[in-house]
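Undergrad: Sending over a structure as structure tokens; questions will come in a sec.
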Amino acid sequence: MKRIDERDTMFARMSYKKGSKEYEDYYKRNPEKKKIDDEIRELPNICGEGTATFHPLHSPVANAGFKFLSDIRKYVEGEINKNKVEIHPQEMSKKLKKFAKYFGAKLVGITEMKEYHYYSYRGRHPENYGEKIDKFHKYGIVFAVEMDKDMINRAPQCEEVIEVTKGYINAAIIGMWLSYYIRELGYDARNHMDGNYLVVLPLVAEDAGLGEIGRSGLLITKEYGPRVRLGVVTTDMC
């Protein structure tokens, strides 16, 4: 399977500011996408004035959540304890799944990472735009958090955006705790969270048996349909 370039994703493309190096580079290589992308940039931001999701008191809740995610995304990697703890792979797999559920995950799986799980190049932020991804962990712990059905059904009102934001935060915190824990045991681990992914989460989740990718590109689970947010922690612990 051909690897996906993160620069081609909509979240990355909408982050390119007119006149920036990223903007000039991307649309020089992809001129056919410039017109539609520029038109979308002119629209109000989600939860902003002029949208169906705007509410003067509720919109700042979602904005605060995304600012929090932006602040913590730098902690996805960290120092590894030099005192490595010997582990039994099967026992450790069971323990990690139990911890993930204890931390709040509803579905958990572990799979061997494949090259196609990873983006080919990074593209979300100026500091690593165009950076080739060539470091791969061996295993992925993938988990899903449930989003509240009543809140999601309020779409396109602001409550739905708040619940989506909450899902991203819950997944990020679970991933942080797991990755910090694995590094405390003396093994490398990385949390893949909103705004700082190296992997395509639905691909990892499908291979781990959490569900199937639907026509929307979202993971469809037996238990919750597409009403989940995903997180992945990759590691070399075995």
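Note on naming: chains are A, B, ... as they come in the structure tokens, residues start from 1 per chain, ligands start from 1 in the order shown.
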Which parts of chain A does DSSP call strand (DSSP E or B) when run on the backbone here, written out as a ChimeraX atom specification?
TA: /A:107-112,118,121,132,139-146,189-193,196,199,212-213,219-221,225,228-235
Undergrad: Would you save the residues of that selection, restricted to N, CA, C and O atoms, as a short mmCIF file (atom, residue, chain, number, x, y, z; two decimals), in the first residue's frame?
TA:
data_model
loop_
_atom_site.label_atom_id
_atom_site.label_comp_id
_atom_site.auth_asym_id
_atom_site.auth_seq_id
_atom_site.Cartn_x
_atom_site.Cartn_y
_atom_site.Cartn_z
N LEU A 107 -12.17 0.44 23.55
CA LEU A 107 -11.64 -0.64 22.71
C LEU A 107 -10.13 -0.51 22.66
O LEU A 107 -9.59 0.60 22.57
N VAL A 108 -9.44 -1.65 22.72
CA VAL A 108 -7.98 -1.63 22.69
C VAL A 108 -7.48 -2.81 21.86
O VAL A 108 -8.02 -3.92 21.95
N GLY A 109 -6.45 -2.60 21.08
CA GLY A 109 -5.81 -3.67 20.32
C GLY A 109 -4.32 -3.38 20.18
O GLY A 109 -3.87 -2.25 20.36
N ILE A 110 -3.57 -4.42 19.87
CA ILE A 110 -2.14 -4.28 19.63
C ILE A 110 -1.81 -4.96 18.31
O ILE A 110 -2.30 -6.05 18.03
N THR A 111 -1.03 -4.29 17.49
CA THR A 111 -0.68 -4.84 16.19
C THR A 111 0.77 -4.55 15.86
O THR A 111 1.37 -3.62 16.42
N GLU A 112 1.33 -5.36 14.99
CA GLU A 112 2.68 -5.10 14.49
C GLU A 112 2.61 -3.96 13.49
O GLU A 112 1.78 -3.98 12.57
N TYR A 118 2.55 4.46 8.58
CA TYR A 118 3.19 5.76 8.81
C TYR A 118 3.00 6.69 7.62
O TYR A 118 3.02 6.25 6.47
N TYR A 121 5.74 11.74 4.74
CA TYR A 121 6.35 13.03 5.09
C TYR A 121 5.43 13.77 6.05
O TYR A 121 4.19 13.64 5.97
N LYS A 132 10.98 13.80 6.26
CA LYS A 132 10.72 12.42 5.89
C LYS A 132 10.62 11.55 7.14
O LYS A 132 11.43 11.68 8.05
N TYR A 139 5.73 -2.06 17.30
CA TYR A 139 4.35 -2.38 17.70
C TYR A 139 3.53 -1.11 17.93
O TYR A 139 4.08 -0.05 18.25
N GLY A 140 2.23 -1.26 17.77
CA GLY A 140 1.31 -0.17 18.04
C GLY A 140 0.20 -0.60 18.97
O GLY A 140 -0.43 -1.64 18.75
N ILE A 141 0.00 0.18 20.03
CA ILE A 141 -1.13 -0.03 20.94
C ILE A 141 -2.18 0.99 20.53
O ILE A 141 -1.97 2.20 20.67
N VAL A 142 -3.28 0.53 20.00
CA VAL A 142 -4.30 1.43 19.47
C VAL A 142 -5.57 1.29 20.30
O VAL A 142 -5.94 0.19 20.70
N PHE A 143 -6.21 2.41 20.56
CA PHE A 143 -7.39 2.39 21.43
C PHE A 143 -8.42 3.40 20.93
O PHE A 143 -8.10 4.34 20.19
N ALA A 144 -9.65 3.18 21.33
CA ALA A 144 -10.75 4.07 20.94
C ALA A 144 -11.48 4.55 22.18
O ALA A 144 -11.72 3.76 23.11
N VAL A 145 -11.81 5.83 22.21
CA VAL A 145 -12.66 6.38 23.26
C VAL A 145 -14.02 6.68 22.64
O VAL A 145 -14.11 7.11 21.49
N GLU A 146 -15.05 6.45 23.40
CA GLU A 146 -16.42 6.68 22.91
C GLU A 146 -16.78 8.15 23.05
O GLU A 146 -16.43 8.80 24.04
N ALA A 189 8.85 4.78 23.45
CA ALA A 189 7.42 4.83 23.14
C ALA A 189 7.06 6.25 22.70
O ALA A 189 7.63 7.23 23.19
N ARG A 190 6.11 6.33 21.78
CA ARG A 190 5.64 7.64 21.30
C ARG A 190 4.13 7.67 21.27
O ARG A 190 3.48 6.74 20.78
N ASN A 191 3.56 8.75 21.79
CA ASN A 191 2.13 8.96 21.73
C ASN A 191 1.79 9.71 20.45
O ASN A 191 2.42 10.72 20.13
N HIS A 192 0.80 9.22 19.71
CA HIS A 192 0.34 9.89 18.49
C HIS A 192 -1.02 10.50 18.78
O HIS A 192 -2.01 9.78 18.98
N MET A 193 -1.06 11.83 18.86
CA MET A 193 -2.26 12.54 19.31
C MET A 193 -2.59 13.67 18.34
O MET A 193 -1.81 13.98 17.44
N ASN A 196 -0.17 15.93 16.28
CA ASN A 196 1.20 15.39 16.29
C ASN A 196 1.17 13.89 15.99
O ASN A 196 1.61 13.08 16.80
N VAL A 199 1.46 8.53 12.35
CA VAL A 199 0.77 7.37 11.79
C VAL A 199 -0.65 7.73 11.39
O VAL A 199 -1.22 8.69 11.89
N GLU A 212 -13.58 -1.55 10.89
CA GLU A 212 -13.27 -1.46 9.47
C GLU A 212 -13.36 -0.01 9.02
O GLU A 212 -14.16 0.77 9.55
N ILE A 213 -12.56 0.34 8.03
CA ILE A 213 -12.59 1.69 7.50
C ILE A 213 -13.75 1.82 6.52
O ILE A 213 -13.86 1.05 5.56
N LEU A 219 -12.92 5.03 10.90
CA LEU A 219 -13.06 3.67 11.41
C LEU A 219 -14.49 3.44 11.88
O LEU A 219 -15.05 4.25 12.63
N ILE A 220 -15.10 2.36 11.42
CA ILE A 220 -16.45 1.99 11.85
C ILE A 220 -16.32 0.79 12.80
O ILE A 220 -15.82 -0.27 12.41
N THR A 221 -16.76 0.96 14.03
CA THR A 221 -16.67 -0.11 15.02
C THR A 221 -18.02 -0.79 15.19
O THR A 221 -19.07 -0.17 14.97
N GLY A 225 -20.10 2.28 16.09
CA GLY A 225 -20.10 2.87 14.75
C GLY A 225 -18.90 3.77 14.60
O GLY A 225 -17.81 3.46 15.08
N VAL A 228 -16.30 7.36 17.66
CA VAL A 228 -15.13 7.15 18.50
C VAL A 228 -14.02 8.11 18.06
O VAL A 228 -14.02 8.62 16.94
N ARG A 229 -13.08 8.32 18.97
CA ARG A 229 -11.81 8.98 18.65
C ARG A 229 -10.70 7.99 18.97
O ARG A 229 -10.77 7.25 19.95
N LEU A 230 -9.67 8.00 18.12
CA LEU A 230 -8.61 7.01 18.23
C LEU A 230 -7.33 7.61 18.79
O LEU A 230 -7.07 8.80 18.65
N GLY A 231 -6.54 6.75 19.40
CA GLY A 231 -5.20 7.09 19.84
C GLY A 231 -4.28 5.91 19.58
O GLY A 231 -4.72 4.76 19.57
N VAL A 232 -3.02 6.19 19.38
CA VAL A 232 -2.02 5.13 19.16
C VAL A 232 -0.75 5.48 19.93
O VAL A 232 -0.30 6.62 19.90
N VAL A 233 -0.21 4.47 20.59
CA VAL A 233 1.13 4.56 21.17
C VAL A 233 1.99 3.51 20.47
O VAL A 233 1.65 2.33 20.48
N THR A 234 3.08 3.96 19.85
CA THR A 234 3.99 3.02 19.20
C THR A 234 5.20 2.80 20.09
O THR A 234 5.63 3.70 20.82
N THR A 235 5.75 1.59 20.03
CA THR A 235 6.84 1.23 20.92
C THR A 235 7.67 0.10 20.33
O THR A 235 7.20 -0.65 19.46
#
Undergrad: Please provide as a PDB file with N, CA and C atoms, in the first residue's frame all residues within 12 Å of A:Leu96, with the sequence filter that same-chain residues fewer than 3 positions apart are discarded (counting only C-alpha atoms).
TA:
ATOM      1  N   ILE A  87      10.453  -7.801  30.837  1.00  0.00           N
ATOM      2  CA  ILE A  87       9.003  -8.057  30.748  1.00  0.00           C
ATOM      3  C   ILE A  87       8.750  -9.337  29.952  1.00  0.00           C
ATOM      4  N   HIS A  88       7.565  -9.906  30.164  1.00  0.00           N
ATOM      5  CA  HIS A  88       7.105 -11.041  29.371  1.00  0.00           C
ATOM      6  C   HIS A  88       6.112 -10.497  28.346  1.00  0.00           C
ATOM      7  N   PRO A  89       6.358 -10.666  27.040  1.00  0.00           N
ATOM      8  CA  PRO A  89       5.536 -10.025  26.011  1.00  0.00           C
ATOM      9  C   PRO A  89       4.030 -10.268  26.149  1.00  0.00           C
ATOM     10  N   GLN A  90       3.617 -11.511  26.333  1.00  0.00           N
ATOM     11  CA  GLN A  90       2.186 -11.797  26.417  1.00  0.00           C
ATOM     12  C   GLN A  90       1.566 -11.173  27.667  1.00  0.00           C
ATOM     13  N   GLU A  91       2.274 -11.290  28.774  1.00  0.00           N
ATOM     14  CA  GLU A  91       1.778 -10.702  30.017  1.00  0.00           C
ATOM     15  C   GLU A  91       1.699  -9.179  29.908  1.00  0.00           C
ATOM     16  N   MET A  92       2.709  -8.586  29.263  1.00  0.00           N
ATOM     17  CA  MET A  92       2.744  -7.132  29.122  1.00  0.00           C
ATOM     18  C   MET A  92       1.629  -6.642  28.214  1.00  0.00           C
ATOM     19  N   SER A  93       1.328  -7.398  27.164  1.00  0.00           N
ATOM     20  CA  SER A  93       0.240  -7.025  26.258  1.00  0.00           C
ATOM     21  C   SER A  93      -1.090  -6.963  27.008  1.00  0.00           C
ATOM     22  N   PHE A  99      -4.643  -1.459  31.354  1.00  0.00           N
ATOM     23  CA  PHE A  99      -4.369  -0.085  31.747  1.00  0.00           C
ATOM     24  C   PHE A  99      -5.096   0.899  30.836  1.00  0.00           C
ATOM     25  N   ALA A 100      -5.068   0.640  29.524  1.00  0.00           N
ATOM     26  CA  ALA A 100      -5.727   1.540  28.579  1.00  0.00           C
ATOM     27  C   ALA A 100      -7.217   1.654  28.895  1.00  0.00           C
ATOM     28  N   LYS A 101      -7.853   0.540  29.205  1.00  0.00           N
ATOM     29  CA  LYS A 101      -9.276   0.565  29.545  1.00  0.00           C
ATOM     30  C   LYS A 101      -9.514   1.241  30.899  1.00  0.00           C
ATOM     31  N   TYR A 102      -8.612   1.006  31.815  1.00  0.00           N
ATOM     32  CA  TYR A 102      -8.716   1.669  33.122  1.00  0.00           C
ATOM     33  C   TYR A 102      -8.595   3.183  32.968  1.00  0.00           C
ATOM     34  N   PHE A 103      -7.749   3.621  32.041  1.00  0.00           N
ATOM     35  CA  PHE A 103      -7.566   5.053  31.802  1.00  0.00           C
ATOM     36  C   PHE A 103      -8.741   5.668  31.049  1.00  0.00           C
ATOM     37  N   ALA A 105     -10.241   4.041  27.852  1.00  0.00           N
ATOM     38  CA  ALA A 105     -10.493   3.520  26.508  1.00  0.00           C
ATOM     39  C   ALA A 105     -11.615   2.485  26.535  1.00  0.00           C
ATOM     40  N   VAL A 108      -9.444  -1.645  22.720  1.00  0.00           N
ATOM     41  CA  VAL A 108      -7.980  -1.633  22.690  1.00  0.00           C
ATOM     42  C   VAL A 108      -7.484  -2.814  21.864  1.00  0.00           C
ATOM     43  N   GLY A 109      -6.445  -2.600  21.084  1.00  0.00           N
ATOM     44  CA  GLY A 109      -5.808  -3.668  20.321  1.00  0.00           C
ATOM     45  C   GLY A 109      -4.323  -3.384  20.185  1.00  0.00           C
ATOM     46  N   ILE A 110      -3.569  -4.417  19.871  1.00  0.00           N
ATOM     47  CA  ILE A 110      -2.135  -4.283  19.634  1.00  0.00           C
ATOM     48  C   ILE A 110      -1.809  -4.955  18.312  1.00  0.00           C
ATOM     49  N   GLY A 140       2.229  -1.263  17.774  1.00  0.00           N
ATOM     50  CA  GLY A 140       1.312  -0.168  18.036  1.00  0.00           C
ATOM     51  C   GLY A 140       0.204  -0.595  18.972  1.00  0.00           C
ATOM     52  N   ILE A 141       0.002   0.179  20.028  1.00  0.00           N
ATOM     53  CA  ILE A 141      -1.125  -0.031  20.940  1.00  0.00           C
ATOM     54  C   ILE A 141      -2.178   0.989  20.531  1.00  0.00           C
ATOM     55  N   VAL A 142      -3.277   0.530  20.003  1.00  0.00           N
ATOM     56  CA  VAL A 142      -4.298   1.434  19.475  1.00  0.00           C
ATOM     57  C   VAL A 142      -5.568   1.292  20.299  1.00  0.00           C
ATOM     58  N   PHE A 143      -6.211   2.409  20.558  1.00  0.00           N
ATOM     59  CA  PHE A 143      -7.391   2.393  21.433  1.00  0.00           C
ATOM     60  C   PHE A 143      -8.419   3.402  20.932  1.00  0.00           C
ATOM     61  N   ILE A 174      -4.831   9.404  27.554  1.00  0.00           N
ATOM     62  CA  ILE A 174      -4.579   7.960  27.663  1.00  0.00           C
ATOM     63  C   ILE A 174      -3.241   7.619  27.019  1.00  0.00           C
ATOM     64  N   GLY A 175      -3.006   8.163  25.823  1.00  0.00           N
ATOM     65  CA  GLY A 175      -1.756   7.896  25.124  1.00  0.00           C
ATOM     66  C   GLY A 175      -0.544   8.433  25.868  1.00  0.00           C
ATOM     67  N   TRP A 177      -0.247   8.822  29.141  1.00  0.00           N
ATOM     68  CA  TRP A 177       0.001   7.989  30.321  1.00  0.00           C
ATOM     69  C   TRP A 177       0.664   6.670  29.932  1.00  0.00           C
ATOM     70  N   LEU A 178       0.173   6.046  28.875  1.00  0.00           N
ATOM     71  CA  LEU A 178       0.756   4.782  28.422  1.00  0.00           C
ATOM     72  C   LEU A 178       2.201   4.968  27.950  1.00  0.00           C
ATOM     73  N   SER A 179       2.454   6.018  27.170  1.00  0.00           N
ATOM     74  CA  SER A 179       3.805   6.213  26.633  1.00  0.00           C
ATOM     75  C   SER A 179       4.794   6.576  27.737  1.00  0.00           C
ATOM     76  N   TYR A 181       4.509   5.599  30.803  1.00  0.00           N
ATOM     77  CA  TYR A 181       4.667   4.340  31.555  1.00  0.00           C
ATOM     78  C   TYR A 181       5.681   3.421  30.878  1.00  0.00           C
ATOM     79  N   ILE A 182       5.566   3.264  29.576  1.00  0.00           N
ATOM     80  CA  ILE A 182       6.477   2.380  28.837  1.00  0.00           C
ATOM     81  C   ILE A 182       7.910   2.907  28.917  1.00  0.00           C
ATOM     82  N   VAL A 233      -0.205   4.467  20.589  1.00  0.00           N
ATOM     83  CA  VAL A 233       1.132   4.563  21.171  1.00  0.00           C
ATOM     84  C   VAL A 233       1.995   3.513  20.467  1.00  0.00           C
ATOM     85  N   THR A 235       5.753   1.589  20.026  1.00  0.00           N
ATOM     86  CA  THR A 235       6.843   1.233  20.918  1.00  0.00           C
ATOM     87  C   THR A 235       7.669   0.101  20.332  1.00  0.00           C
ATOM     88  N   MET A 237       8.948  -1.997  22.621  1.00  0.00           N
ATOM     89  CA  MET A 237       8.892  -2.959  23.721  1.00  0.00           C
ATOM     90  C   MET A 237       8.304  -4.267  23.219  1.00  0.00           C
ATOM     91  N   CYS A 238       8.989  -5.361  23.500  1.00  0.00           N
ATOM     92  CA  CYS A 238       8.488  -6.670  23.061  1.00  0.00           C
ATOM     93  C   CYS A 238       8.895  -7.738  24.080  1.00  0.00           C
TER      94      CYS A 238
END
Undergrad: Give me, as a ChimeraX atom specification, all polymer residues having an atom no more than 12 Å from stretch 20-32 of chain A, counting only C-alpha atoms and skipping those fewer than 6 positions away in the same chain.
TA: /A:5-9,12-14,38,122-131
Undergrad: Mind dumping the selected residues with all heavy atoms as a short mmCIF file (atom, residue, chain, number, x, y, z; two decimals), in the first residue's frame?
TA:
data_model
loop_
_atom_site.label_atom_id
_atom_site.label_comp_id
_atom_site.auth_asym_id
_atom_site.auth_seq_id
_atom_site.Cartn_x
_atom_site.Cartn_y
_atom_site.Cartn_z
N ASP A 5 1.11 11.01 2.26
CA ASP A 5 1.89 12.20 2.59
C ASP A 5 1.01 13.10 3.46
O ASP A 5 -0.06 13.54 3.02
CB ASP A 5 2.31 12.92 1.31
CG ASP A 5 3.29 14.05 1.54
OD1 ASP A 5 3.28 14.64 2.64
OD2 ASP A 5 4.06 14.36 0.62
N GLU A 6 1.44 13.39 4.70
CA GLU A 6 0.62 14.21 5.59
C GLU A 6 0.35 15.60 5.00
O GLU A 6 -0.66 16.23 5.31
CB GLU A 6 1.28 14.36 6.96
CG GLU A 6 0.35 15.00 7.99
CD GLU A 6 1.02 15.29 9.31
OE1 GLU A 6 2.24 15.55 9.34
OE2 GLU A 6 0.31 15.27 10.34
N ARG A 7 1.23 16.07 4.13
CA ARG A 7 1.05 17.38 3.52
C ARG A 7 -0.21 17.45 2.66
O ARG A 7 -0.74 18.54 2.41
CB ARG A 7 2.28 17.76 2.69
CG ARG A 7 3.54 17.96 3.52
CD ARG A 7 4.77 18.17 2.67
NE ARG A 7 5.12 16.95 1.93
CZ ARG A 7 6.22 16.82 1.20
NH1 ARG A 7 7.08 17.84 1.12
NH2 ARG A 7 6.49 15.69 0.57
N ASP A 8 -0.70 16.29 2.24
CA ASP A 8 -1.90 16.25 1.40
C ASP A 8 -3.19 16.21 2.20
O ASP A 8 -4.28 16.33 1.62
CB ASP A 8 -1.86 15.02 0.47
CG ASP A 8 -0.80 15.14 -0.60
OD1 ASP A 8 -0.52 16.28 -1.04
OD2 ASP A 8 -0.23 14.11 -1.01
N THR A 9 -3.11 16.04 3.50
CA THR A 9 -4.32 15.98 4.31
C THR A 9 -4.90 17.39 4.46
O THR A 9 -4.19 18.40 4.43
CB THR A 9 -4.04 15.39 5.70
OG1 THR A 9 -3.18 16.27 6.43
CG2 THR A 9 -3.40 14.01 5.57
N ALA A 12 -3.52 19.58 7.33
CA ALA A 12 -2.22 20.18 7.02
C ALA A 12 -2.38 21.33 6.04
O ALA A 12 -1.84 22.43 6.25
CB ALA A 12 -1.28 19.12 6.45
N ARG A 13 -3.14 21.12 4.97
CA ARG A 13 -3.29 22.14 3.94
C ARG A 13 -3.92 23.43 4.49
O ARG A 13 -3.53 24.53 4.11
CB ARG A 13 -4.11 21.59 2.78
CG ARG A 13 -3.31 20.62 1.92
CD ARG A 13 -4.18 19.62 1.20
NE ARG A 13 -5.18 20.21 0.32
CZ ARG A 13 -6.13 19.50 -0.29
NH1 ARG A 13 -6.18 18.19 -0.10
NH2 ARG A 13 -7.00 20.10 -1.07
N MET A 14 -4.86 23.28 5.42
CA MET A 14 -5.50 24.47 5.99
C MET A 14 -4.59 25.22 6.96
O MET A 14 -4.90 26.34 7.38
CB MET A 14 -6.80 24.08 6.68
CG MET A 14 -7.92 23.70 5.72
SD MET A 14 -8.35 25.02 4.54
CE MET A 14 -7.50 24.45 3.04
N ASP A 38 -7.90 27.84 -1.15
CA ASP A 38 -8.00 29.27 -0.83
C ASP A 38 -9.44 29.67 -0.54
O ASP A 38 -9.71 30.51 0.33
CB ASP A 38 -7.44 30.12 -1.97
CG ASP A 38 -5.92 30.13 -2.00
OD1 ASP A 38 -5.30 29.75 -0.99
OD2 ASP A 38 -5.35 30.52 -3.04
N ARG A 122 6.01 14.56 6.92
CA ARG A 122 5.22 15.38 7.84
C ARG A 122 4.80 16.66 7.15
O ARG A 122 5.47 17.13 6.23
CB ARG A 122 6.03 15.68 9.10
CG ARG A 122 6.47 14.43 9.83
CD ARG A 122 7.06 14.73 11.18
NE ARG A 122 6.03 15.17 12.11
CZ ARG A 122 6.24 15.40 13.40
NH1 ARG A 122 7.46 15.24 13.92
NH2 ARG A 122 5.26 15.78 14.18
N GLY A 123 3.68 17.25 7.61
CA GLY A 123 3.24 18.45 6.93
C GLY A 123 2.36 19.38 7.75
O GLY A 123 1.87 20.37 7.24
N ARG A 124 2.17 19.08 9.02
CA ARG A 124 1.18 19.83 9.81
C ARG A 124 1.74 21.14 10.37
O ARG A 124 0.99 22.11 10.52
CB ARG A 124 0.69 18.93 10.95
CG ARG A 124 -0.50 19.44 11.74
CD ARG A 124 -1.80 19.20 11.03
NE ARG A 124 -2.93 19.63 11.83
CZ ARG A 124 -3.65 18.82 12.61
NH1 ARG A 124 -3.35 17.54 12.68
NH2 ARG A 124 -4.67 19.30 13.29
N HIS A 125 3.06 21.20 10.67
CA HIS A 125 3.62 22.36 11.35
C HIS A 125 4.89 22.84 10.64
O HIS A 125 5.66 22.03 10.10
CB HIS A 125 3.94 22.02 12.80
CG HIS A 125 2.76 21.48 13.54
ND1 HIS A 125 1.66 22.25 13.87
CD2 HIS A 125 2.49 20.23 14.01
CE1 HIS A 125 0.77 21.50 14.51
NE2 HIS A 125 1.25 20.28 14.59
N PRO A 126 5.13 24.15 10.64
CA PRO A 126 6.30 24.70 9.94
C PRO A 126 7.62 24.10 10.39
O PRO A 126 8.54 23.91 9.58
CB PRO A 126 6.24 26.20 10.28
CG PRO A 126 4.81 26.46 10.59
CD PRO A 126 4.29 25.21 11.24
N GLU A 127 7.73 23.77 11.68
CA GLU A 127 9.01 23.31 12.21
C GLU A 127 9.43 21.93 11.68
O GLU A 127 10.61 21.56 11.74
CB GLU A 127 9.01 23.28 13.74
CG GLU A 127 7.98 22.35 14.36
CD GLU A 127 6.68 23.02 14.68
OE1 GLU A 127 6.37 24.07 14.02
OE2 GLU A 127 5.96 22.53 15.56
N ASN A 128 8.47 21.15 11.16
CA ASN A 128 8.85 19.85 10.61
C ASN A 128 8.21 19.58 9.24
O ASN A 128 8.15 18.44 8.80
CB ASN A 128 8.52 18.71 11.59
CG ASN A 128 7.11 18.80 12.14
OD1 ASN A 128 6.17 19.08 11.40
ND2 ASN A 128 6.98 18.57 13.44
N TYR A 129 7.75 20.64 8.58
CA TYR A 129 7.15 20.49 7.26
C TYR A 129 8.14 19.83 6.29
O TYR A 129 9.30 20.23 6.19
CB TYR A 129 6.74 21.86 6.71
CG TYR A 129 6.24 21.83 5.30
CD1 TYR A 129 4.91 21.60 5.01
CD2 TYR A 129 7.12 22.05 4.23
CE1 TYR A 129 4.45 21.58 3.70
CE2 TYR A 129 6.67 22.03 2.92
CZ TYR A 129 5.33 21.79 2.66
OH TYR A 129 4.88 21.76 1.36
N GLY A 130 7.69 18.78 5.61
CA GLY A 130 8.52 18.10 4.62
C GLY A 130 9.51 17.12 5.19
O GLY A 130 10.29 16.51 4.44
N GLU A 131 9.49 16.94 6.49
CA GLU A 131 10.42 16.00 7.13
C GLU A 131 10.03 14.56 6.77
O GLU A 131 8.90 14.15 6.97
CB GLU A 131 10.38 16.20 8.64
CG GLU A 131 11.33 15.34 9.43
CD GLU A 131 11.22 15.60 10.92
OE1 GLU A 131 11.52 16.74 11.33
OE2 GLU A 131 10.81 14.69 11.67
#
Undergrad: Determine which residues of stretch 32-186 of chain A DSSP labels as alpha helix (DSSP H) from the backbone of this structure, then write them out as a PyMOL selection string.
TA: chain A and resi 34-41+59-72+89-103+149-152+158-184
Undergrad: Need to verify the contact set: A:Lys166, 12 Å, only C-alpha atoms, exclusion of same-chain residues closer than 2 positions in sequence. Can you return it as a ChimeraX atom specification?
TA: /A:61-66,68-69,145-148,151-152,159-164,168-173,194,228-230
Undergrad: Of the residues A:Gln157, A:Lys98, A:Ile46, A:Ser120, which is the one nearest to A:Tyr197, using only C-alpha atoms?
TA: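 So, comparing all the options, the nearest one is A:Ser120.
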Undergrad: Considering only C-alpha atoms, can you say which of A:Ser216, A:Ser15, A:Asn83, A:Thr165 comes closest to A:Arg41?
TA: A:Ser15
Undergrad: Could you work out how far atom CA of A:Ser59 lies from atom CA of A:Cys158, giving the answer in Å with one decimal?
TA: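 Interatomic distance, atom CA of A:Cys158 to atom CA of A:Ser59: 6.4 Å.
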Undergrad: Out of A:Gly195, A:Gly186, A:Gly50, A:Pro56, which residue has the shortest atom-to-atom distance to A:Lys84 when counting only C-alpha atoms?
TA: A:Gly186
